Amino acid sequence: MSERMPMTRTGYDKIKAEIYDLENEQMPLIEKRIATARAEGDLSENAEYHGARESQGMLQAKINLLKDKLSRADIIDPATLPKGQVVFGVTVKVKDLDFGDVEEFTLVGAGEEDYDAGKILVTSPLAQGLIGKKVGDKAEIEVPAGTNRFEILAIRVED
C-alpha cells in the first residue's frame, strides 16, 4: 500500500492529534494495567495481564495504521482544484435515478470521513464514480451491492 492518500490540512492535523492521544494518553494507561497485573504473580493464568497485553497490541496496530496514513498523505488545497466539476473537497447533490432520492455527499480525505453526515472518502468507489462529472451529467457506479445510477444536480465548494 504505497499509493498517496489525499487529505486536507485539517484531516492531517486530526490524525496527528489522534496519534498523539493514543501514544501519550492511552498507551501509558495500558502499560500501567500491564504492570499492575504483572505484580499479581503467575502470568500463565492471569486474565487481566493477557487482556491488557491484547489491548496494547490492538492500540499499537491502530497507531501504526494512522502513521501509515500520514506517511502517504498528499495534502490538497481544495481551492486549487478545477471549478464546476466534482473534485476532492466539494459537496455534490445527486438524484438516485432508480429510487428518486436526493442525496448530498462531501468528498473528503482520510481523517475527515463521517458517513452519517454524508462525508465520504474521495478514494471510495462512489466518490471515484462521481469525480470529473458536471451538473446534469449522469453516473453509473459499480458498488459491492450492484450499480448505482445518479444524476448530478448541484456542486458546491465547501469553505
# chains A, B, ... in the order shown; residues from 1 in each chain; ligands from 1
>>> residues_around(residues="Gly89 (chain A)", least_positions_apart="5", cutoff="9 Å", atoms="only C-alpha atoms", output="NGL selection string")
:A and (7-8 or 76-79 or 81 or 106-109 or 122 or 157-158)
>>> select_by_dssp(residues="region 29-151 of chain A", states="alpha helix (DSSP H)", output="MDAnalysis selection string")
chainID A and resid 29:39 47:71 125:130
>>> write_last_selection(atoms="C-alpha atoms", output="tab-separated table (two decimals), in the first residue's frame")
chain	number	residue	atom	x	y	z
A	29	LEU	CA	-2.72	3.68	30.88
A	30	ILE	CA	-2.43	0.24	29.30
A	31	GLU	CA	1.20	-0.02	30.38
A	32	LYS	CA	0.10	0.68	33.98
A	33	ARG	CA	-2.54	-2.06	33.69
A	34	ILE	CA	0.14	-4.49	32.49
A	35	ALA	CA	2.49	-3.55	35.35
A	36	THR	CA	-0.29	-3.94	37.93
A	37	ALA	CA	-1.32	-7.32	36.53
A	38	ARG	CA	2.31	-8.48	36.33
A	39	ALA	CA	2.74	-7.66	40.03
A	47	ALA	CA	-6.53	-12.94	32.61
A	48	GLU	CA	-6.02	-9.25	33.44
A	49	TYR	CA	-2.42	-9.40	32.22
A	50	HIS	CA	-3.33	-11.16	28.97
A	51	GLY	CA	-6.24	-8.78	28.36
A	52	ALA	CA	-4.02	-5.75	28.90
A	53	ARG	CA	-1.35	-7.15	26.55
A	54	GLU	CA	-4.01	-7.75	23.90
A	55	SER	CA	-5.29	-4.17	24.32
A	56	GLN	CA	-1.73	-2.91	23.96
A	57	GLY	CA	-1.28	-4.86	20.72
A	58	MET	CA	-4.53	-3.55	19.25
A	59	LEU	CA	-3.68	0.04	20.24
A	60	GLN	CA	-0.22	-0.25	18.68
A	61	ALA	CA	-1.78	-1.63	15.47
A	62	LYS	CA	-4.11	1.38	15.32
A	63	ILE	CA	-1.18	3.76	15.87
A	64	ASN	CA	0.77	2.05	13.07
A	65	LEU	CA	-2.22	2.32	10.70
A	66	LEU	CA	-2.64	6.03	11.41
A	67	LYS	CA	1.09	6.68	10.99
A	68	ASP	CA	0.95	4.87	7.64
A	69	LYS	CA	-1.88	7.19	6.53
A	70	LEU	CA	0.21	10.22	7.47
A	71	SER	CA	3.26	8.87	5.65
A	125	PRO	CA	-15.94	3.63	-5.28
A	126	LEU	CA	-18.89	6.03	-5.03
A	127	ALA	CA	-16.69	9.13	-4.95
A	128	GLN	CA	-14.45	7.81	-7.73
A	129	GLY	CA	-17.53	7.33	-9.92
A	130	LEU	CA	-18.57	10.96	-9.38
>>> atom_distance(atom1="CA of Asp101 (chain A)", atom2="CA of Gly146 (chain A)")
16.9 Å
>>> residues_around(residues="Lys133 (chain A)", least_positions_apart="6", cutoff="8 Å", atoms="only C-alpha atoms", output="ChimeraX atom specification")
/A:85-86,139,152
>>> write_last_selection(atoms="C-alpha atoms", output="PDB file, in the first residue's frame")
ATOM      1  CA  GLN A  85     -16.978  19.652 -11.661  1.00  0.00           C
ATOM      2  CA  VAL A  86     -16.906  17.012  -8.951  1.00  0.00           C
ATOM      3  CA  ALA A 139     -23.047   8.472 -13.465  1.00  0.00           C
ATOM      4  CA  ILE A 152     -25.596  15.383 -10.728  1.00  0.00           C
TER       5      ILE A 152
END
>>> atom_distance(atom1="CA of Asp96 (chain A)", atom2="CA of Asn148 (chain A)")
7.4 Å
>>> closest_residue(among="A:Gly111, A:Gly118, A:Gly132, A:Pro28", to="Met5 (chain A)", atoms="only C-alpha atoms")
A:Gly111
>>> atom_distance(atom1="CA of Arg9 (chain A)", atom2="CA of Arg156 (chain A)")
19.6 Å
>>> select_by_dssp(residues="region 17-156 of chain A", states="strand (DSSP E)", output="NGL selection string")
:A and (73-75 or 90-96 or 102-108 or 119-121 or 138-143 or 146-156)
>>> closest_residue(among="A:Asp74, A:Asp137, A:Asp42, A:Asp114", to="Tyr12 (chain A)", atoms="only C-alpha atoms")
A:Asp74
>>> residues_around(residues="Gly84 (chain A)", least_positions_apart="3", cutoff="8 Å", atoms="only C-alpha atoms", output="PyMOL selection string")
chain A and resi 134-135+155
